[in-house]
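Take a look at the structure below.
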Protein chains: 2
Amino acid sequence: MSGNGRLPPFSRRVPEGDNREREVCDSCGFINYANPKIVVGSVITWQDKVLLCRRAISPRKGYWTIPAGYMEEHETTEHGARREAIEEANADIDIDALLAVYNIPRISQVQIIYRARLARPEFSPGPESLETRLFAWSDIPWADLAFPSVHWALGHFRDVEGLSTFAVRTNPPGDHGDY
Amino acid sequence: MSGNGRLPPFSRRVPEGDNREREVCDSCGFINYANPKIVVGSVITWQDKVLLCRRAISPRKGYWTIPAGYMEEHETTEHGARREAIEEANADIDIDALLAVYNIPRISQVQIIYRARLARPEFSPGPESLETRLFAWSDIPWADLAFPSVHWALGHFRDVEGLSTFAVRTNPPGDHGDY
């Protein structure tokens with residue numbers, strides 16, 4: 001969401017009964033609560049390879065990521081992760097487990113990342129991807145990953161490989177995902 | 001967030017490069033993306049008792065809940081859960097593990113619930129609580145719990161009691177938390 005274009009009658013003040021400043025319309029009293037945003041996605045495999053997408057859009061255009069994006073209203077986190085795999089990689093996935101919950105507080109983002117498998121070995125770039133490819137672990141383009149959380153998710157996927165029960169992973173200690 | 005009071009120049013249309021309708025200002029082009037909201041909270045214990053709060057506010061005023069509420073911008077989910085325990089029960093908590101991620105798609109809500117302990121046996125009602133109390137398991141007021149997800153969280157807490165490593169819990173199968 002872009003901050004410019006904000007309509008003139010909004011000002012920042014503490015609404016009655018609240019304890020912090022919000023954006024309030026001076027003319028009608030509408031309160032524009034700003035909430036953290038949820039990103040849903042998954043580390044997706046076929047046999048021993050991981051599916052990555054090369055981004056066709058900003059930020060980090062040209063860099064590799066796992067299929068993930070903003071959760072929409074009236075869907076579940078699992079549904080959102082499946083939708084993103086379809087939108088970014090035309091990939092139909094079976095979700096296996098919740099892998100991680102990451103916090104990026106600087107940009108008010110919570111990432112909910114699943115472990116999943118391709119339902120069949122078919123995938124291709126969606127409109128937001130330049131390229132989609134299965135990588136063997138040793139071929140993952142570590143220097144060309146789009147975001148710190150893609151590193152974390154791949155590392156955590158590897159940590160729990162072969163485990164059916166594991167504690168959900170979170171940010172590496174002290175790391176807030178800034179880059 | 002209340003739907004009334006919406007400023008007149010907003011209309012619903014599909015922005016360029018998007019694939020679904022958004023609320024767009026006809027005068028300046030500002031896109032008011034509507035996102036799911038995150039609730040953060042925790043099942044908090046002291047020895048073998050669970051801390052519950054009786055709600056002083058709508059919805060479900062007078063009913064019992066775990067300390068939980070909307071996550072704010074620029075905090076982490078853990079920070080938000082600790083803040084809610086302070087705001088609703090003046091309780092200082094130590095978070096132990098992520099217990100559950102629940103989806104309530106009808107109201108576009110994702111609940112991130114931790115397992116926590118009181119740092120010391122001190123608590124009292126905050127402004128949004130009528131009463132705060134430690135309940136032995138057999139005394140929990142099951143018929144007077146505020147929301148389905150409070151039932152789920154207490155049940156899941158009991159499921160994993162004594163386990164340090166467990167898979168994060170999710171909605172009971174087929175249950176979307178409507179009531």
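Chains: A, B, ... in order of the structure tokens. Residues: from 1 per chain. Ligands: from 1, in order shown.
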With only C-alpha atoms considered, list every residue of chain B at most 8 Å from chain A, as an NGL selection string.
:B and (1-2 or 4-7 or 28-38 or 71-77 or 98 or 103-108 or 110 or 165-168)
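Residues lying within 12 Å of Asp139 of chain A, counting only C-alpha atoms and ignoring same-chain neighbours fewer than 3 positions away, are Asp48, Lys49, Val50, Leu51, Leu52, Arg133, Leu134, Phe135, Ala136, Trp142, Ala143 and Asp144 of chain A.
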Taking all heavy atoms for each residue, export the selection above as an mmCIF file, in the first residue's frame.
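This went into out_21.cif:
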```cif
data_model
loop_
_atom_site.group_PDB
_atom_site.id
_atom_site.type_symbol
_atom_site.label_atom_id
_atom_site.label_comp_id
_atom_site.auth_asym_id
_atom_site.auth_seq_id
_atom_site.Cartn_x
_atom_site.Cartn_y
_atom_site.Cartn_z
ATOM 1 N N ASP A 48 13.683 -35.022 -4.622
ATOM 2 C CA ASP A 48 14.648 -34.338 -3.750
ATOM 3 C C ASP A 48 14.989 -32.928 -4.240
ATOM 4 O O ASP A 48 16.017 -32.366 -3.864
ATOM 5 C CB ASP A 48 15.924 -35.184 -3.616
ATOM 6 C CG ASP A 48 16.554 -35.432 -4.969
ATOM 7 O OD1 ASP A 48 15.862 -35.202 -5.997
ATOM 8 O OD2 ASP A 48 17.722 -35.851 -5.039
ATOM 9 N N LYS A 49 14.114 -32.350 -5.052
ATOM 10 C CA LYS A 49 14.393 -31.013 -5.587
ATOM 11 C C LYS A 49 13.382 -29.985 -5.098
ATOM 12 O O LYS A 49 12.233 -30.321 -4.817
ATOM 13 C CB LYS A 49 14.415 -31.058 -7.116
ATOM 14 C CG LYS A 49 15.598 -31.880 -7.634
ATOM 15 C CD LYS A 49 15.667 -31.888 -9.137
ATOM 16 C CE LYS A 49 16.989 -32.551 -9.574
ATOM 17 N NZ LYS A 49 17.022 -32.755 -11.035
ATOM 18 N N VAL A 50 13.851 -28.733 -5.033
ATOM 19 C CA VAL A 50 13.035 -27.632 -4.505
ATOM 20 C C VAL A 50 12.624 -26.704 -5.650
ATOM 21 O O VAL A 50 13.454 -26.334 -6.485
ATOM 22 C CB VAL A 50 13.851 -26.816 -3.466
ATOM 23 C CG1 VAL A 50 13.050 -25.638 -2.947
ATOM 24 C CG2 VAL A 50 14.306 -27.709 -2.320
ATOM 25 N N LEU A 51 11.342 -26.317 -5.649
ATOM 26 C CA LEU A 51 10.816 -25.430 -6.691
ATOM 27 C C LEU A 51 11.047 -23.966 -6.321
ATOM 28 O O LEU A 51 10.580 -23.498 -5.277
ATOM 29 C CB LEU A 51 9.312 -25.672 -6.866
ATOM 30 C CG LEU A 51 8.615 -24.815 -7.934
ATOM 31 C CD1 LEU A 51 9.104 -25.164 -9.333
ATOM 32 C CD2 LEU A 51 7.097 -24.973 -7.839
ATOM 33 N N LEU A 52 11.751 -23.238 -7.171
ATOM 34 C CA LEU A 52 11.934 -21.800 -6.958
ATOM 35 C C LEU A 52 11.442 -21.032 -8.184
ATOM 36 O O LEU A 52 11.381 -21.572 -9.295
ATOM 37 C CB LEU A 52 13.416 -21.485 -6.708
ATOM 38 C CG LEU A 52 14.038 -22.103 -5.443
ATOM 39 C CD1 LEU A 52 15.524 -21.731 -5.358
ATOM 40 C CD2 LEU A 52 13.305 -21.667 -4.180
ATOM 41 N N ARG A 133 11.870 -23.276 -11.665
ATOM 42 C CA ARG A 133 12.797 -24.395 -11.866
ATOM 43 C C ARG A 133 12.918 -25.238 -10.602
ATOM 44 O O ARG A 133 12.840 -24.696 -9.489
ATOM 45 C CB ARG A 133 14.183 -23.838 -12.235
ATOM 46 C CG ARG A 133 15.034 -24.822 -13.028
ATOM 47 C CD ARG A 133 16.494 -24.429 -13.045
ATOM 48 N NE ARG A 133 16.768 -23.179 -13.752
ATOM 49 C CZ ARG A 133 17.992 -22.647 -13.865
ATOM 50 N NH1 ARG A 133 19.041 -23.244 -13.287
ATOM 51 N NH2 ARG A 133 18.171 -21.515 -14.500
ATOM 52 N N LEU A 134 13.126 -26.554 -10.790
ATOM 53 C CA LEU A 134 13.433 -27.446 -9.665
ATOM 54 C C LEU A 134 14.946 -27.478 -9.488
ATOM 55 O O LEU A 134 15.686 -27.745 -10.444
ATOM 56 C CB LEU A 134 12.923 -28.861 -9.954
ATOM 57 C CG LEU A 134 11.410 -29.095 -9.816
ATOM 58 C CD1 LEU A 134 11.068 -30.510 -10.283
ATOM 59 C CD2 LEU A 134 10.948 -28.880 -8.371
ATOM 60 N N PHE A 135 15.384 -27.220 -8.256
ATOM 61 C CA PHE A 135 16.818 -27.207 -7.962
ATOM 62 C C PHE A 135 17.192 -28.355 -7.022
ATOM 63 O O PHE A 135 16.544 -28.512 -5.970
ATOM 64 C CB PHE A 135 17.208 -25.907 -7.256
ATOM 65 C CG PHE A 135 17.230 -24.700 -8.137
ATOM 66 C CD1 PHE A 135 16.124 -23.871 -8.230
ATOM 67 C CD2 PHE A 135 18.370 -24.389 -8.880
ATOM 68 C CE1 PHE A 135 16.137 -22.745 -9.047
ATOM 69 C CE2 PHE A 135 18.397 -23.270 -9.695
ATOM 70 C CZ PHE A 135 17.277 -22.441 -9.783
ATOM 71 N N ALA A 136 18.227 -29.089 -7.380
ATOM 72 C CA ALA A 136 18.851 -29.983 -6.395
ATOM 73 C C ALA A 136 19.460 -29.087 -5.314
ATOM 74 O O ALA A 136 19.804 -27.926 -5.572
ATOM 75 C CB ALA A 136 19.942 -30.828 -7.052
ATOM 76 N N TRP A 142 22.133 -19.647 -3.921
ATOM 77 C CA TRP A 142 22.106 -18.973 -2.615
ATOM 78 C C TRP A 142 22.396 -17.478 -2.719
ATOM 79 O O TRP A 142 21.806 -16.673 -1.999
ATOM 80 C CB TRP A 142 23.106 -19.630 -1.653
ATOM 81 C CG TRP A 142 22.736 -21.044 -1.349
ATOM 82 C CD1 TRP A 142 23.297 -22.170 -1.885
ATOM 83 C CD2 TRP A 142 21.687 -21.491 -0.468
ATOM 84 N NE1 TRP A 142 22.664 -23.294 -1.388
ATOM 85 C CE2 TRP A 142 21.684 -22.913 -0.516
ATOM 86 C CE3 TRP A 142 20.763 -20.857 0.355
ATOM 87 C CZ2 TRP A 142 20.783 -23.685 0.219
ATOM 88 C CZ3 TRP A 142 19.872 -21.624 1.089
ATOM 89 C CH2 TRP A 142 19.887 -23.019 1.025
ATOM 90 N N ALA A 143 23.292 -17.105 -3.616
ATOM 91 C CA ALA A 143 23.667 -15.687 -3.722
ATOM 92 C C ALA A 143 22.595 -14.873 -4.431
ATOM 93 O O ALA A 143 22.625 -13.641 -4.388
ATOM 94 C CB ALA A 143 25.000 -15.552 -4.463
ATOM 95 N N ASP A 144 21.676 -15.553 -5.077
ATOM 96 C CA ASP A 144 20.654 -14.853 -5.858
ATOM 97 C C ASP A 144 19.252 -15.087 -5.311
ATOM 98 O O ASP A 144 18.271 -15.012 -6.059
ATOM 99 C CB ASP A 144 20.725 -15.293 -7.327
ATOM 100 C CG ASP A 144 22.022 -14.844 -7.993
ATOM 101 O OD1 ASP A 144 22.494 -13.730 -7.665
ATOM 102 O OD2 ASP A 144 22.568 -15.597 -8.809
#
```
Work out how far atom CA of Arg82 of chain A is from atom CA of Arg120 of chain A, in Å to one decimal.
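If I compute the distance from atom CA of Arg120 of chain A to atom CA of Arg82 of chain A, I get 13.8 Å.
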Could you check which of A:Asp96, A:Lys61, A:Ala119, A:Ser129 is closest to Glu84 of chain A, using only C-alpha atoms?
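Of the candidates, the smallest distance to Glu84 of chain A is held by A:Ser129.
Each of B:Gly80, B:Pro59, B:Pro15, B:Gly174 was checked against Gly41 of chain B using only C-alpha atoms; the smallest atom-to-atom distance is that of B:Gly80.
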Looking at only C-alpha atoms, which of B:Gln111, B:Ser58, B:Ser124, B:Thr132 is the one that sits closest to Asn90 of chain B?
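Comparing B:Gln111, B:Ser58, B:Ser124, B:Thr132 against Asn90 of chain B, the winner is B:Ser124.
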Would you list, as a JSON list (two decimals) with all heavy atoms, in the first residue's frame, the residues of chain A that end up in alpha helix (DSSP H) under DSSP run on this structure's backbone?
```json
[["chain", "number", "residue", "atom", "x", "y", "z"],
["A", 77, "THR", "N", -4.92, -19.64, 5.64],
["A", 77, "THR", "CA", -3.49, -19.57, 5.33],
["A", 77, "THR", "C", -3.09, -20.69, 4.36],
["A", 77, "THR", "O", -2.32, -20.46, 3.43],
["A", 77, "THR", "CB", -2.65, -19.64, 6.61],
["A", 77, "THR", "OG1", -3.13, -20.71, 7.45],
["A", 77, "THR", "CG2", -2.74, -18.34, 7.39],
["A", 78, "GLU", "N", -3.65, -21.89, 4.56],
["A", 78, "GLU", "CA", -3.33, -23.02, 3.66],
["A", 78, "GLU", "C", -3.84, -22.72, 2.24],
["A", 78, "GLU", "O", -3.14, -22.97, 1.26],
["A", 78, "GLU", "CB", -3.98, -24.33, 4.15],
["A", 78, "GLU", "CG", -3.40, -24.89, 5.44],
["A", 78, "GLU", "CD", -4.08, -24.33, 6.70],
["A", 78, "GLU", "OE1", -4.83, -23.31, 6.60],
["A", 78, "GLU", "OE2", -3.87, -24.90, 7.79],
["A", 79, "HIS", "N", -5.06, -22.21, 2.17],
["A", 79, "HIS", "CA", -5.64, -21.88, 0.87],
["A", 79, "HIS", "C", -4.77, -20.83, 0.17],
["A", 79, "HIS", "O", -4.48, -20.92, -1.03],
["A", 79, "HIS", "CB", -7.09, -21.39, 1.03],
["A", 79, "HIS", "CG", -7.73, -20.97, -0.24],
["A", 79, "HIS", "ND1", -8.63, -19.94, -0.33],
["A", 79, "HIS", "CD2", -7.58, -21.43, -1.50],
["A", 79, "HIS", "CE1", -8.99, -19.79, -1.61],
["A", 79, "HIS", "NE2", -8.39, -20.67, -2.32],
["A", 80, "GLY", "N", -4.35, -19.82, 0.95],
["A", 80, "GLY", "CA", -3.51, -18.76, 0.38],
["A", 80, "GLY", "C", -2.19, -19.31, -0.15],
["A", 80, "GLY", "O", -1.72, -18.90, -1.23],
["A", 81, "ALA", "N", -1.57, -20.23, 0.58],
["A", 81, "ALA", "CA", -0.30, -20.81, 0.13],
["A", 81, "ALA", "C", -0.50, -21.61, -1.16],
["A", 81, "ALA", "O", 0.32, -21.54, -2.09],
["A", 81, "ALA", "CB", 0.30, -21.69, 1.22],
["A", 82, "ARG", "N", -1.62, -22.33, -1.25],
["A", 82, "ARG", "CA", -1.91, -23.09, -2.49],
["A", 82, "ARG", "C", -2.18, -22.13, -3.65],
["A", 82, "ARG", "O", -1.71, -22.34, -4.77],
["A", 82, "ARG", "CB", -3.11, -24.02, -2.28],
["A", 82, "ARG", "CG", -2.77, -25.28, -1.50],
["A", 82, "ARG", "CD", -3.85, -26.36, -1.69],
["A", 82, "ARG", "NE", -5.14, -25.90, -1.22],
["A", 82, "ARG", "CZ", -5.61, -26.05, 0.03],
["A", 82, "ARG", "NH1", -4.87, -26.65, 0.95],
["A", 82, "ARG", "NH2", -6.80, -25.60, 0.36],
["A", 83, "ARG", "N", -2.93, -21.05, -3.37],
["A", 83, "ARG", "CA", -3.22, -20.05, -4.42],
["A", 83, "ARG", "C", -1.94, -19.42, -4.95],
["A", 83, "ARG", "O", -1.76, -19.24, -6.16],
["A", 83, "ARG", "CB", -4.17, -18.99, -3.85],
["A", 83, "ARG", "CG", -4.52, -17.86, -4.83],
["A", 83, "ARG", "CD", -5.39, -16.79, -4.22],
["A", 83, "ARG", "NE", -4.91, -16.29, -2.94],
["A", 83, "ARG", "CZ", -3.83, -15.54, -2.78],
["A", 83, "ARG", "NH1", -3.11, -15.15, -3.83],
["A", 83, "ARG", "NH2", -3.45, -15.15, -1.57],
["A", 84, "GLU", "N", -1.02, -19.08, -4.05],
["A", 84, "GLU", "CA", 0.23, -18.45, -4.49],
["A", 84, "GLU", "C", 1.06, -19.40, -5.35],
["A", 84, "GLU", "O", 1.70, -18.96, -6.31],
["A", 84, "GLU", "CB", 1.04, -17.98, -3.28],
["A", 84, "GLU", "CG", 0.45, -16.76, -2.58],
["A", 84, "GLU", "CD", 0.49, -15.48, -3.41],
["A", 84, "GLU", "OE1", 1.30, -15.39, -4.35],
["A", 84, "GLU", "OE2", -0.30, -14.56, -3.12],
["A", 85, "ALA", "N", 1.05, -20.70, -5.03],
["A", 85, "ALA", "CA", 1.80, -21.67, -5.85],
["A", 85, "ALA", "C", 1.21, -21.75, -7.25],
["A", 85, "ALA", "O", 1.94, -21.86, -8.25],
["A", 85, "ALA", "CB", 1.78, -23.05, -5.18],
["A", 86, "ILE", "N", -0.12, -21.63, -7.34],
["A", 86, "ILE", "CA", -0.77, -21.63, -8.66],
["A", 86, "ILE", "C", -0.45, -20.33, -9.39],
["A", 86, "ILE", "O", -0.04, -20.33, -10.55],
["A", 86, "ILE", "CB", -2.30, -21.81, -8.51],
["A", 86, "ILE", "CG1", -2.60, -23.23, -7.99],
["A", 86, "ILE", "CG2", -3.02, -21.53, -9.83],
["A", 86, "ILE", "CD1", -4.04, -23.44, -7.55],
["A", 87, "GLU", "N", -0.58, -19.18, -8.69],
["A", 87, "GLU", "CA", -0.39, -17.89, -9.37],
["A", 87, "GLU", "C", 1.04, -17.69, -9.84],
["A", 87, "GLU", "O", 1.29, -17.13, -10.90],
["A", 87, "GLU", "CB", -0.79, -16.73, -8.44],
["A", 87, "GLU", "CG", -2.30, -16.63, -8.22],
["A", 87, "GLU", "CD", -2.71, -15.44, -7.36],
["A", 87, "GLU", "OE1", -1.84, -14.61, -7.00],
["A", 87, "GLU", "OE2", -3.90, -15.34, -7.06],
["A", 88, "GLU", "N", 2.00, -18.11, -9.03],
["A", 88, "GLU", "CA", 3.40, -17.80, -9.36],
["A", 88, "GLU", "C", 4.08, -18.90, -10.17],
["A", 88, "GLU", "O", 5.06, -18.64, -10.87],
["A", 88, "GLU", "CB", 4.20, -17.52, -8.08],
["A", 88, "GLU", "CG", 3.60, -16.34, -7.34],
["A", 88, "GLU", "CD", 4.48, -15.78, -6.24],
["A", 88, "GLU", "OE1", 5.54, -16.36, -5.95],
["A", 88, "GLU", "OE2", 4.07, -14.76, -5.66],
["A", 89, "ALA", "N", 3.57, -20.14, -10.04],
["A", 89, "ALA", "CA", 4.29, -21.24, -10.69],
["A", 89, "ALA", "C", 3.35, -22.25, -11.37],
["A", 89, "ALA", "O", 3.81, -23.32, -11.77],
["A", 89, "ALA", "CB", 5.17, -21.95, -9.66],
["A", 148, "PRO", "N", 15.92, -12.47, 2.83],
["A", 148, "PRO", "CA", 16.48, -13.27, 3.93],
["A", 148, "PRO", "C", 15.56, -14.43, 4.31],
["A", 148, "PRO", "O", 16.02, -15.53, 4.61],
["A", 148, "PRO", "CB", 16.60, -12.26, 5.08],
["A", 148, "PRO", "CG", 16.69, -10.92, 4.43],
["A", 148, "PRO", "CD", 15.89, -11.03, 3.17],
["A", 149, "SER", "N", 14.24, -14.19, 4.29],
["A", 149, "SER", "CA", 13.33, -15.25, 4.74],
["A", 149, "SER", "C", 13.32, -16.45, 3.79],
["A", 149, "SER", "O", 12.94, -17.55, 4.19],
["A", 149, "SER", "CB", 11.91, -14.69, 4.93],
["A", 149, "SER", "OG", 11.44, -14.10, 3.74],
["A", 150, "VAL", "N", 13.74, -16.27, 2.54],
["A", 150, "VAL", "CA", 13.86, -17.42, 1.63],
["A", 150, "VAL", "C", 15.04, -18.29, 2.08],
["A", 150, "VAL", "O", 14.93, -19.52, 2.13],
["A", 150, "VAL", "CB", 14.03, -16.96, 0.16],
["A", 150, "VAL", "CG1", 14.17, -18.17, -0.76],
["A", 150, "VAL", "CG2", 12.85, -16.10, -0.28],
["A", 151, "HIS", "N", 16.13, -17.64, 2.49],
["A", 151, "HIS", "CA", 17.26, -18.38, 3.09],
["A", 151, "HIS", "C", 16.80, -19.16, 4.31],
["A", 151, "HIS", "O", 17.10, -20.34, 4.46],
["A", 151, "HIS", "CB", 18.37, -17.42, 3.55],
["A", 151, "HIS", "CG", 19.26, -16.93, 2.46],
["A", 151, "HIS", "ND1", 20.47, -17.52, 2.15],
["A", 151, "HIS", "CD2", 19.13, -15.89, 1.61],
["A", 151, "HIS", "CE1", 21.05, -16.87, 1.16],
["A", 151, "HIS", "NE2", 20.25, -15.87, 0.81],
["A", 152, "TRP", "N", 16.09, -18.44, 5.21],
["A", 152, "TRP", "CA", 15.65, -19.10, 6.45],
["A", 152, "TRP", "C", 14.78, -20.31, 6.14],
["A", 152, "TRP", "O", 14.94, -21.38, 6.73],
["A", 152, "TRP", "CB", 14.82, -18.14, 7.32],
["A", 152, "TRP", "CG", 15.48, -16.86, 7.69],
["A", 152, "TRP", "CD1", 16.81, -16.56, 7.63],
["A", 152, "TRP", "CD2", 14.81, -15.69, 8.19],
["A", 152, "TRP", "NE1", 17.01, -15.28, 8.05],
["A", 152, "TRP", "CE2", 15.81, -14.72, 8.40],
["A", 152, "TRP", "CE3", 13.49, -15.37, 8.47],
["A", 152, "TRP", "CZ2", 15.51, -13.45, 8.90],
["A", 152, "TRP", "CZ3", 13.18, -14.12, 8.96],
["A", 152, "TRP", "CH2", 14.18, -13.17, 9.17],
["A", 153, "ALA", "N", 13.81, -20.11, 5.23],
["A", 153, "ALA", "CA", 12.84, -21.18, 4.96],
["A", 153, "ALA", "C", 13.53, -22.41, 4.36],
["A", 153, "ALA", "O", 13.23, -23.55, 4.73],
["A", 153, "ALA", "CB", 11.73, -20.67, 4.04],
["A", 154, "LEU", "N", 14.48, -22.18, 3.46],
["A", 154, "LEU", "CA", 15.18, -23.31, 2.85],
["A", 154, "LEU", "C", 16.04, -24.02, 3.92],
["A", 154, "LEU", "O", 16.06, -25.25, 3.99],
["A", 154, "LEU", "CB", 16.05, -22.85, 1.67],
["A", 154, "LEU", "CG", 15.25, -22.36, 0.45],
["A", 154, "LEU", "CD1", 16.20, -21.76, -0.59],
["A", 154, "LEU", "CD2", 14.43, -23.49, -0.18],
["A", 155, "GLY", "N", 16.72, -23.23, 4.76],
["A", 155, "GLY", "CA", 17.52, -23.83, 5.84],
["A", 155, "GLY", "C", 16.66, -24.61, 6.81],
["A", 155, "GLY", "O", 17.02, -25.73, 7.22],
["A", 156, "HIS", "N", 15.53, -24.06, 7.17],
["A", 156, "HIS", "CA", 14.63, -24.74, 8.11],
["A", 156, "HIS", "C", 14.01, -25.99, 7.48],
["A", 156, "HIS", "O", 13.81, -27.01, 8.15],
["A", 156, "HIS", "CB", 13.56, -23.77, 8.61],
["A", 156, "HIS", "CG", 14.11, -22.75, 9.57],
["A", 156, "HIS", "ND1", 13.61, -21.49, 9.72],
["A", 156, "HIS", "CD2", 15.15, -22.84, 10.45],
["A", 156, "HIS", "CE1", 14.31, -20.84, 10.64],
["A", 156, "HIS", "NE2", 15.24, -21.63, 11.09],
["A", 157, "PHE", "N", 13.72, -25.90, 6.19],
["A", 157, "PHE", "CA", 13.22, -27.09, 5.47],
["A", 157, "PHE", "C", 14.24, -28.22, 5.60],
["A", 157, "PHE", "O", 13.90, -29.36, 5.90],
["A", 157, "PHE", "CB", 12.98, -26.74, 4.00],
["A", 157, "PHE", "CG", 12.77, -27.94, 3.14],
["A", 157, "PHE", "CD1", 11.53, -28.55, 3.09],
["A", 157, "PHE", "CD2", 13.81, -28.49, 2.41],
["A", 157, "PHE", "CE1", 11.34, -29.69, 2.32],
["A", 157, "PHE", "CE2", 13.64, -29.62, 1.64],
["A", 157, "PHE", "CZ", 12.39, -30.22, 1.59],
["A", 158, "ARG", "N", 15.51, -27.88, 5.40],
["A", 158, "ARG", "CA", 16.58, -28.88, 5.48],
["A", 158, "ARG", "C", 16.72, -29.43, 6.91],
["A", 158, "ARG", "O", 16.93, -30.63, 7.10],
["A", 158, "ARG", "CB", 17.88, -28.21, 5.02],
["A", 158, "ARG", "CG", 19.04, -29.14, 4.83],
["A", 158, "ARG", "CD", 18.93, -29.93, 3.55],
["A", 158, "ARG", "NE", 20.23, -30.47, 3.17],
["A", 158, "ARG", "CZ", 20.43, -31.25, 2.11],
["A", 158, "ARG", "NH1", 19.41, -31.61, 1.35],
["A", 158, "ARG", "NH2", 21.63, -31.69, 1.82],
["A", 159, "ASP", "N", 16.60, -28.52, 7.91],
["A", 159, "ASP", "CA", 16.68, -28.93, 9.33],
["A", 159, "ASP", "C", 15.69, -30.03, 9.69],
["A", 159, "ASP", "O", 15.98, -30.88, 10.53],
["A", 159, "ASP", "CB", 16.24, -27.76, 10.26],
["A", 159, "ASP", "CG", 17.32, -26.75, 10.50],
["A", 159, "ASP", "OD1", 18.46, -26.97, 10.04],
["A", 159, "ASP", "OD2", 17.00, -25.71, 11.13]]
```
Quick check, in Å to one decimal: how far apart do atom CA of Ile140 of chain A and atom CA of Gly162 of chain A lie?
19.5 Å
Members of segment 79-144 of chain B assigned strand (DSSP E or B) by DSSP, as a PyMOL selection string:
chain B and resi 93-104+109-118+129-136
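Between atom CA of Ala116 of chain A and atom CA of Trp64 of chain A the interatomic distance comes to 17.8 Å.
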Who sits within 7 Å of Tyr63 of chain A, only C-alpha atoms, same chain under 2 positions skipped, as a ChimeraX atom specification
/A:54-55,60-61,65,144-146
